[in-house]
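Asks: Here you go, this is protein.txt (compact mmCIF, C-alpha atoms and all ligand atoms).
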# COMPACT_ATOMS: atom_id res chain seq x y z
CA MET A 1 -1.56 -38.73 -4.16
CA ALA A 2 1.28 -38.72 -6.68
CA ASN A 3 -0.86 -38.14 -9.73
CA LYS A 4 -2.33 -34.96 -8.27
CA MET A 5 0.69 -33.09 -9.64
CA SER A 6 -0.18 -34.22 -13.15
CA VAL A 7 -3.12 -31.77 -13.35
CA PRO A 8 -1.76 -29.65 -16.20
CA TYR A 9 -3.11 -26.29 -15.11
CA PRO A 10 -5.24 -25.53 -12.14
CA ARG A 11 -7.82 -23.16 -13.60
CA ARG A 12 -10.51 -24.60 -15.80
CA PRO A 13 -11.19 -22.14 -18.65
CA ASN A 14 -14.92 -21.81 -18.15
CA ASP A 15 -14.92 -22.06 -14.40
CA PRO A 16 -13.34 -18.90 -13.05
CA SER A 17 -15.17 -18.89 -9.73
CA ILE A 18 -13.19 -19.22 -6.54
CA ARG A 19 -13.77 -21.63 -3.70
CA GLY A 20 -13.71 -21.01 0.02
CA LEU A 21 -10.98 -22.25 2.37
CA CYS A 22 -11.93 -23.40 5.82
CA ASN A 23 -10.24 -21.83 8.80
CA PHE A 24 -7.73 -24.09 10.57
CA SER A 25 -6.06 -22.77 13.70
CA LEU A 26 -6.41 -19.05 12.88
CA SER A 27 -5.47 -19.51 9.24
CA CYS A 28 -7.59 -16.58 7.96
CA CYS A 29 -4.44 -14.60 7.12
CA VAL A 30 -2.95 -17.39 5.00
CA ASN A 31 -6.41 -18.11 3.53
CA ALA A 32 -6.80 -14.51 2.32
CA LEU A 33 -3.27 -14.56 0.89
CA LEU A 34 -3.87 -17.88 -0.87
CA GLN A 35 -6.97 -16.43 -2.54
CA SER A 36 -4.90 -13.52 -3.85
CA LEU A 37 -2.11 -15.87 -5.03
CA PHE A 38 -4.66 -18.11 -6.73
CA ALA A 39 -5.91 -15.06 -8.64
CA THR A 40 -2.34 -14.41 -9.83
CA ASP A 41 -2.27 -16.44 -13.05
CA GLU A 42 1.31 -15.30 -13.72
CA LEU A 43 2.48 -17.02 -10.51
CA LEU A 44 0.50 -20.18 -11.30
CA ALA A 45 2.10 -20.33 -14.76
CA LEU A 46 5.61 -20.05 -13.25
CA LEU A 47 4.89 -22.72 -10.62
CA ASP A 48 3.51 -24.88 -13.40
CA ARG A 49 6.78 -24.52 -15.36
CA TRP A 50 8.81 -25.51 -12.29
CA LYS A 51 9.67 -29.21 -12.26
CA PRO A 52 11.18 -30.08 -8.87
CA ASN A 53 13.91 -32.73 -9.14
CA GLY A 54 13.73 -33.86 -5.57
CA ASP A 55 11.06 -35.49 -3.51
CA TRP A 56 7.59 -34.58 -4.78
CA GLU A 57 6.23 -35.35 -1.36
CA ASP A 58 8.66 -33.09 0.54
CA SER A 59 6.33 -31.79 3.22
CA ASN A 60 8.79 -29.07 4.33
CA ASN A 61 9.21 -27.42 0.94
CA VAL A 62 7.12 -24.23 0.81
CA PRO A 63 7.09 -23.68 -3.00
CA LEU A 64 6.11 -27.32 -3.55
CA GLN A 65 3.31 -27.25 -0.97
CA LEU A 66 2.16 -23.85 -2.28
CA LYS A 67 2.00 -25.31 -5.79
CA ARG A 68 0.02 -28.29 -4.52
CA ALA A 69 -2.40 -26.08 -2.57
CA LEU A 70 -3.03 -23.81 -5.57
CA TYR A 71 -3.52 -26.85 -7.84
CA ALA A 72 -5.96 -28.35 -5.37
CA MET A 73 -7.87 -25.05 -5.13
CA GLY A 74 -8.58 -25.09 -8.84
CA GLY A 75 -7.90 -28.53 -10.27
CA GLU A 76 -9.86 -31.71 -10.34
CA ALA A 77 -9.41 -32.03 -6.59
CA ARG A 78 -11.22 -28.72 -6.07
CA LEU A 79 -13.99 -30.33 -4.06
CA GLN A 80 -11.73 -31.78 -1.43
CA PRO A 81 -12.52 -30.08 1.87
CA ALA A 82 -9.10 -28.68 2.79
CA PRO A 83 -6.80 -28.09 -0.20
CA HIS A 84 -4.47 -25.94 1.91
CA ARG A 85 -4.03 -28.19 4.95
CA ASN A 86 -0.56 -29.47 3.97
CA PHE A 87 0.54 -25.97 3.02
CA LEU A 88 -0.43 -24.68 6.49
CA ALA A 89 1.46 -27.56 8.11
CA CYS A 90 4.46 -26.81 5.89
CA LEU A 91 4.41 -23.11 6.88
CA HIS A 92 4.25 -24.19 10.52
CA ARG A 93 7.44 -26.21 10.05
CA ASN A 94 9.02 -23.13 8.46
CA SER A 95 8.33 -20.87 11.46
CA ILE A 96 5.01 -19.43 10.26
CA HIS A 97 3.14 -21.03 13.10
CA ARG A 98 -0.42 -22.22 13.57
CA ASN A 99 -2.62 -20.60 16.20
CA VAL A 100 -0.86 -17.26 15.83
CA GLN A 101 -2.29 -13.99 14.50
CA HIS A 102 -0.07 -13.20 11.54
CA ASP A 103 0.56 -10.03 9.58
CA ALA A 104 -0.44 -10.67 5.96
CA ASP A 105 2.37 -8.57 4.48
CA GLU A 106 4.97 -10.33 6.64
CA VAL A 107 3.65 -13.75 5.63
CA PHE A 108 3.67 -12.71 1.96
CA LEU A 109 7.32 -11.57 2.21
CA SER A 110 8.26 -14.75 4.13
CA VAL A 111 6.65 -16.99 1.50
CA LEU A 112 8.53 -15.17 -1.28
CA ASN A 113 11.78 -15.55 0.72
CA LEU A 114 11.16 -19.25 1.33
CA ILE A 115 10.53 -19.75 -2.40
CA GLN A 116 13.93 -18.12 -3.06
CA GLN A 117 15.61 -20.35 -0.45
CA GLN A 118 13.91 -23.66 -1.23
CA MET A 119 13.48 -23.70 -5.00
CA ALA A 120 16.48 -25.11 -6.86
CA ASP A 121 15.46 -23.80 -10.29
CA THR A 122 17.29 -20.44 -10.43
CA HIS A 123 15.42 -19.25 -13.53
CA VAL A 124 11.92 -19.83 -12.22
CA LYS A 125 12.64 -18.41 -8.78
CA LYS A 126 14.15 -15.29 -10.31
CA GLU A 127 11.08 -14.85 -12.48
CA ILE A 128 8.83 -15.24 -9.43
CA LEU A 129 10.75 -12.46 -7.65
CA ASP A 130 10.77 -10.30 -10.79
CA LEU A 131 7.00 -10.66 -10.99
CA TYR A 132 6.72 -8.36 -7.92
CA LYS A 133 9.95 -6.36 -8.04
CA VAL A 134 9.68 -2.56 -7.97
CA ASN A 135 13.22 -1.36 -8.72
CA VAL A 136 14.14 2.00 -7.24
CA GLU A 137 17.11 4.31 -6.98
CA GLY A 138 17.51 5.59 -3.42
CA HIS A 139 18.98 9.10 -3.21
CA THR A 140 20.47 10.38 0.03
CA ARG A 141 21.66 13.94 -0.41
CA CYS A 142 23.89 15.65 2.12
CA LEU A 143 22.36 19.05 2.92
CA GLU A 144 25.80 20.40 3.89
CA CYS A 145 27.86 19.61 0.76
CA THR A 146 25.00 18.48 -1.57
CA PHE A 147 26.78 15.16 -2.31
CA ASP A 148 24.23 12.65 -3.64
CA HIS A 149 24.64 9.00 -2.52
CA VAL A 150 22.80 6.67 -4.88
CA VAL A 151 21.87 3.10 -3.93
CA ASN A 152 19.85 0.77 -6.12
CA SER A 153 17.34 -1.41 -4.32
CA PHE A 154 13.92 -2.96 -4.76
CA PHE A 155 10.65 -3.65 -2.99
CA VAL A 156 8.38 -6.63 -3.57
CA SER A 157 5.62 -4.88 -1.69
CA LEU A 158 5.59 -1.11 -1.60
CA PRO A 159 5.29 -0.04 2.07
CA LEU A 160 3.16 3.10 2.15
CA SER A 161 2.91 5.25 5.26
CA LEU A 162 -0.52 6.68 6.10
CA CYS A 163 -1.55 9.90 7.79
CA GLU A 164 -4.19 9.92 10.50
CA GLY A 165 -6.71 11.83 8.38
CA GLN A 166 -7.93 11.14 4.86
CA ASN A 167 -5.58 9.43 2.43
CA ASN A 168 -5.73 8.49 -1.17
CA LEU A 169 -3.47 5.93 -2.72
CA GLU A 170 -1.93 8.22 -5.33
CA GLU A 171 -0.85 10.72 -2.64
CA CYS A 172 0.58 7.90 -0.48
CA ILE A 173 2.67 6.70 -3.46
CA GLN A 174 3.86 10.26 -4.18
CA SER A 175 4.83 10.68 -0.54
CA PHE A 176 6.81 7.42 -0.59
CA PHE A 177 9.00 8.68 -3.46
CA ARG A 178 9.21 12.34 -2.33
CA GLU A 179 12.31 13.59 -0.53
CA HIS A 180 12.12 13.55 3.25
CA LYS A 181 14.45 15.49 5.52
CA LEU A 182 16.54 13.41 7.93
CA SER A 183 18.18 15.22 10.83
CA GLY A 184 19.21 14.65 14.44
CA GLU A 185 19.29 10.91 15.18
CA ASP A 186 18.20 10.11 11.62
CA ALA A 187 21.02 12.10 10.00
CA CYS A 188 23.08 10.08 7.51
CA TYR A 189 26.83 9.61 7.26
CA CYS A 190 28.25 11.60 4.34
CA ASP A 191 31.32 10.09 2.65
CA ARG A 192 32.50 13.47 1.43
CA CYS A 193 32.08 15.36 4.74
CA GLY A 194 33.28 12.35 6.75
CA GLU A 195 30.57 12.78 9.37
CA LYS A 196 26.83 12.55 9.96
CA GLN A 197 25.00 15.42 8.32
CA PRO A 198 21.39 16.47 7.93
CA SER A 199 20.27 14.83 4.72
CA SER A 200 17.32 14.45 2.43
CA GLN A 201 16.24 11.03 1.24
CA GLY A 202 13.96 10.08 -1.64
CA PHE A 203 13.42 7.47 -4.33
CA LYS A 204 13.28 7.42 -8.08
CA LEU A 205 11.31 4.70 -9.81
CA CYS A 206 13.43 2.54 -12.16
CA SER A 207 11.04 -0.19 -13.25
CA LEU A 208 7.55 -1.43 -12.58
CA PRO A 209 6.63 -5.11 -12.14
CA LYS A 210 3.81 -7.12 -13.68
CA ILE A 211 2.21 -7.44 -10.26
CA LEU A 212 2.32 -4.36 -8.08
CA CYS A 213 1.80 -5.27 -4.43
CA ILE A 214 1.06 -2.37 -2.10
CA HIS A 215 1.24 -2.59 1.68
CA LEU A 216 -0.79 0.03 3.54
CA LYS A 217 1.03 0.45 6.84
CA ARG A 218 -1.94 0.39 9.18
CA PHE A 219 -0.10 -0.99 12.20
CA ARG A 220 1.92 1.53 14.15
CA HIS A 221 4.32 0.29 16.82
CA GLU A 222 4.50 2.76 19.68
CA GLY A 223 5.75 2.42 23.21
CA GLY A 224 5.84 -1.37 23.17
CA PHE A 225 2.41 -2.00 21.72
CA THR A 226 0.76 -1.95 18.32
CA ARG A 227 -1.99 0.43 17.32
CA LYS A 228 -4.13 0.13 14.21
CA LEU A 229 -4.84 3.13 11.98
CA TYR A 230 -8.47 3.05 10.84
CA CYS A 231 -8.01 6.14 8.64
CA LYS A 232 -9.58 6.27 5.19
CA VAL A 233 -7.43 5.27 2.22
CA ALA A 234 -9.30 5.62 -1.07
CA PHE A 235 -7.82 3.51 -3.85
CA PRO A 236 -8.81 3.34 -7.52
CA GLU A 237 -9.69 0.34 -9.64
CA THR A 238 -7.11 1.45 -12.21
CA LEU A 239 -3.80 3.22 -11.76
CA ASN A 240 -1.58 4.86 -14.37
CA PHE A 241 1.89 5.67 -13.07
CA PRO A 242 2.78 8.67 -15.21
CA ASN A 243 -0.35 10.29 -13.78
CA VAL A 244 0.71 9.42 -10.23
CA LEU A 245 4.40 10.34 -10.09
CA ASP A 246 6.11 13.53 -11.17
CA PRO A 247 8.68 12.97 -13.95
CA GLU A 248 11.47 13.90 -11.49
CA HIS A 249 10.68 10.72 -9.52
CA ILE A 250 10.87 8.44 -12.54
CA SER A 251 14.46 7.49 -13.33
CA VAL A 252 13.90 5.66 -16.58
CA VAL A 253 10.89 6.27 -18.74
CA GLU A 254 8.96 3.03 -18.66
CA LYS A 255 8.55 1.57 -22.09
CA GLY A 256 5.28 -0.11 -22.84
CA ASN A 257 2.33 0.04 -20.56
CA THR A 258 2.23 1.61 -17.12
CA PHE A 259 -1.47 0.98 -16.69
CA TYR A 260 -2.57 -1.20 -13.78
CA SER A 261 -5.86 -2.68 -12.64
CA LEU A 262 -6.73 -3.86 -9.19
CA TYR A 263 -7.51 -7.56 -8.82
CA ALA A 264 -7.09 -8.43 -5.13
CA VAL A 265 -7.53 -6.66 -1.81
CA VAL A 266 -6.48 -8.33 1.44
CA VAL A 267 -8.68 -6.87 4.16
CA HIS A 268 -8.02 -6.65 7.89
CA SER A 269 -10.98 -6.34 10.26
CA GLY A 270 -10.96 -5.75 13.97
CA ALA A 271 -8.23 -4.40 16.22
CA ALA A 272 -4.46 -4.77 15.89
CA MET A 273 -4.18 -7.75 18.21
CA PHE A 274 -7.56 -9.44 17.57
CA GLY A 275 -8.12 -9.23 13.88
CA HIS A 276 -9.53 -11.23 11.02
CA TYR A 277 -8.43 -11.35 7.39
CA THR A 278 -10.62 -11.68 4.31
CA ALA A 279 -10.09 -10.87 0.62
CA TYR A 280 -11.83 -9.28 -2.32
CA ILE A 281 -10.81 -11.03 -5.52
CA GLN A 282 -11.42 -10.40 -9.20
CA PRO A 283 -10.30 -13.65 -10.86
CA PRO A 284 -8.62 -13.56 -14.28
CA ARG A 285 -11.04 -13.51 -17.23
CA ASP A 286 -13.94 -12.76 -14.91
CA PRO A 287 -15.09 -9.14 -14.53
CA ARG A 288 -16.93 -9.90 -11.29
CA TRP A 289 -15.64 -9.27 -7.79
CA TYR A 290 -15.91 -11.93 -5.08
CA TYR A 291 -15.56 -11.69 -1.32
CA ALA A 292 -13.75 -14.62 0.32
CA ASN A 293 -14.23 -14.93 4.07
CA ASP A 294 -12.59 -18.28 4.89
CA SER A 295 -15.02 -20.95 3.66
CA ARG A 296 -17.66 -18.46 2.51
CA VAL A 297 -17.40 -16.88 -0.93
CA GLN A 298 -19.95 -14.48 -2.37
CA GLN A 299 -20.19 -12.31 -5.44
CA VAL A 300 -20.04 -8.59 -4.67
CA GLN A 301 -19.93 -5.22 -6.42
CA TRP A 302 -17.07 -2.72 -6.71
CA SER A 303 -19.02 -0.55 -4.25
CA ASP A 304 -18.61 -3.37 -1.69
CA VAL A 305 -14.85 -3.45 -2.28
CA GLN A 306 -14.83 0.31 -1.62
CA GLN A 307 -16.21 -0.38 1.86
CA SER A 308 -12.65 -1.43 2.75
CA TYR A 309 -11.37 2.16 2.36
CA GLY A 310 -11.87 2.42 6.11
CA GLY A 311 -12.33 5.74 7.90
CA GLN A 312 -14.19 4.74 11.05
CA LYS A 313 -12.94 3.02 14.15
CA GLY A 314 -13.70 -0.68 13.88
CA SER A 315 -14.29 -0.59 10.13
CA ASP A 316 -12.91 -3.20 7.74
CA THR A 317 -9.76 -1.87 6.15
CA ALA A 318 -7.79 -2.78 3.04
CA TYR A 319 -4.30 -3.83 4.09
CA MET A 320 -2.69 -5.11 0.88
CA LEU A 321 -3.59 -4.18 -2.68
CA LEU A 322 -2.57 -6.19 -5.73
CA TYR A 323 -2.59 -4.47 -9.11
CA ARG A 324 -1.86 -6.19 -12.40
CA LYS A 325 -0.06 -4.41 -15.26
CA GLN A 326 -2.26 -4.46 -18.32
CA PRO A 327 -0.58 -5.98 -21.37
CA ALA A 328 0.38 -3.46 -24.04
CA SER A 329 -1.75 -3.72 -27.15
CA ASP A 330 1.04 -5.49 -29.09
CA ASP A 331 1.66 -7.91 -26.23
CA GLN A 332 -0.50 -10.97 -25.85
CA GLY A 333 0.81 -11.49 -22.32
CA TYR A 334 2.38 -14.48 -20.62
CA SER A 335 -0.24 -16.90 -21.87
CA GLY A 336 0.14 -16.09 -25.58
ZN ZN B 1 28.37 16.04 2.87
Give the structure from the file, written as structure tokens.

Replies:
Amino acid sequence: MANKMSVPYPRRPNDPSIRGLCNFSLSCCVNALLQSLFATDELLALLDRWKPNGDWEDSNNVPLQLKRALYAMGGEARLQPAPHRNFLACLHRNSIHRNVQHDADEVFLSVLNLIQQQMADTHVKKEILDLYKVNVEGHTRCLECTFDHVVNSFFVSLPLSLCEGQNNLEECIQSFFREHKLSGEDACYCDRCGEKQPSSQGFKLCSLPKILCIHLKRFRHEGGFTRKLYCKVAFPETLNFPNVLDPEHISVVEKGNTFYSLYAVVVHSGAAMFGHYTAYIQPPRDPRWYYANDSRVQQVQWSDVQQSYGGQKGSDTAYMLLYRKQPASDDQGYSG
């Protein structure tokens, strides 16, 4: 067991294909997430740099068990039947329980949080967070006195609201940053007026991460139960931010490249309470798309990925999108 951690790097250069992960106790959500994390070379490189001081067999440590699962998915142990079994058991001990239908975005955020809590190496854990961090400037403007309250914050997955009709990703991103009016119960306290006032709230983009994770908010909580939105959300294979956002919503002009390409789509099928997760993955250094449905993996076309736009009741729907920033021409990237 101990020498499993000595595998230097999980992905063999000429073997980019991905392997299936069998479904244990409703683990499809974690399986789909693991496939997307395994396709994130930047994360694998950071986990590879991390040398835990403590017990290498600590079965409660999420970053350690994640590292082991990702190694086993790609390393010399790749043919073992269940490379993620210990990771699932570790999540269970960290309150992400077996036999429960999970929300993929919530599990993703929980795993990132647990990495921050359980990894002692402050440099590596900061770099893992920075990998996903979209820094924004939140502006809340009092409509009475025009005072502008500015708060800096960040998102590691961009939560995009959807409308019931047709959506496209670029419009959803624009809408996220655009000013919204807040009045009545939603009115904000104004420091200058000393009372709640109707306000407008919007964001300016401060910096873009290497990995842009987008959460399409398809689950709407209403009157004590959860409804799924099957509406169509068209998303592109490549995204260039200056073409998406108006200059007034960009706080600092991004230096270098703002060009992204899609490499993973976590898909939710079925209804809100009885769903199934799968993933479309384009592994690094492999132009082909694959569809991972638990233990089954098949090669597919971009037109198959587009089937997850949704638009009809019961259709498969993209739930999380992962885009990778393309290295600038003078930048050989993390691996250089
Ligand atoms: Zn005011």

Asks: Residues up to 6 Å from ligand ZN 1 (chain B), counting only C-alpha atoms and all ligand atoms: could you list those as a list of chain:residue names?

Replies: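 The neighbouring residues of ligand ZN 1 (chain B) are, in order, A:Cys142, A:Glu144, A:Cys145, A:Phe147, A:Cys190, A:Arg192, A:Cys193.
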
Asks: Write out as number ranges by chain each polymer residue whose atoms come within 12 Å of range 151-155 of chain A, counting all atoms listed in the file; drop sequence neighbours fewer than 3 positions from it.

Replies: A: 109, 112, 129-141, 148, 158-160, 176, 201-209, 211-215, 251

Asks: In terms of the shortest atom-to-atom distance over all atoms listed in the file, which of A:Val124, A:Val111, A:Leu88, A:Leu47 is closest to Leu21 in chain A?

Replies: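 Nearest candidate to Leu21 in chain A out of A:Val124, A:Val111, A:Leu88, A:Leu47: A:Leu88.
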
Asks: At what distance in Å, to one decimal, does CA of Lys217 in chain A lie from CA of Phe177 in chain A?

Replies: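 A separation of 15.4 Å between them.
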
Asks: Measuring atom to atom with all atoms listed in the file, identify which of A:Tyr291, A:Pro236, A:Val150, A:Met273 is nearest to Tyr309 in chain A.

Replies: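 With all atoms listed in the file as the atom set, the closest residue is A:Pro236.
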
Asks: Have a look at A:Arg85, A:Lys313, A:Arg288, A:His123 and name the one nearest to Cys231 in chain A; count all atoms listed in the file.

Replies: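 Looking at the shortest contact to Cys231 in chain A, the residue is A:Lys313.
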
Asks: Identify which of the residues A:Ile115, A:Phe219, A:Leu64, A:Leu91 lies closest to Cys163 in chain A, counting all atoms listed in the file when measuring atom-to-atom distances.

Replies: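 Smallest distance to Cys163 in chain A is found for A:Phe219.
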
Asks: Can you tell me, as an NGL selection string, what residues are no more than 12 Å from Asn113 in chain A when counting all atoms listed in the file, ignoring any on the same chain fewer than 6 positions away?

Replies: :A and (62-63 or 94 or 106-107 or 119 or 125-126 or 128-129 or 156)

Asks: Dig up all the protein and nucleic acid residues within 12 Å of (-9.4, -0.2, -10.7) in the file frame, using only C-alpha atoms, and format them as a list of chain:residue names.

Replies: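 Counting only C-alpha atoms, I find these residues within 12 Å of (-9.4, -0.2, -10.7): A:Leu169, A:Ala234, A:Phe235, A:Pro236, A:Glu237, A:Thr238, A:Leu239, A:Asn240, A:Phe259, A:Tyr260, A:Ser261, A:Leu262, A:Tyr263, A:Ala264, A:Val265, A:Gln282, A:Pro287, A:Trp289, A:Trp302, A:Ser303, A:Val305, A:Gln306, A:Leu321, A:Leu322, A:Tyr323, A:Arg324, A:Lys325, A:Gln326.
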
Asks: Please, what distance in Å, to one decimal, runs between CA of Arg19 in chain A and CA of Ala82 in chain A?

Replies: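 One can read the CA of Arg19 in chain A to CA of Ala82 in chain A distance as 10.7 Å.
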
Asks: Taking only C-alpha atoms into account, name the residue in A:Asn86, A:Ala104, A:Val233, A:Asn31 that is nearest to Ser161 in chain A.

Replies: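 Distance minimum relative to Ser161 in chain A lands on A:Val233.
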
Asks: Tell me which of A:Val267, A:Leu245, A:Leu182, A:Ile173 sits closest to Gly310 in chain A, counting all atoms listed in the file.

Replies: A:Val267

Asks: Record the distance separating CA of Gln174 in chain A and CA of Leu162 in chain A, expressed in Å with one decimal.

Replies: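 Separation between CA of Gln174 in chain A and CA of Leu162 in chain A: 11.7 Å.
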
Asks: Residues near Asp294 in chain A, anyone? I mean within 10 Å using all atoms listed in the file, not counting same-chain ones fewer than 5 positions away, as a list of chain:residue names.

Replies: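 My reading of the contact set: A:Arg19, A:Gly20, A:Leu21, A:Cys22, A:Asn23, A:Phe24, A:Ser27, A:Cys28, A:Cys29, A:Val30, A:Asn31, A:Ala32, A:Gln35, A:His276, A:Tyr277, A:Thr278, A:Ala279.
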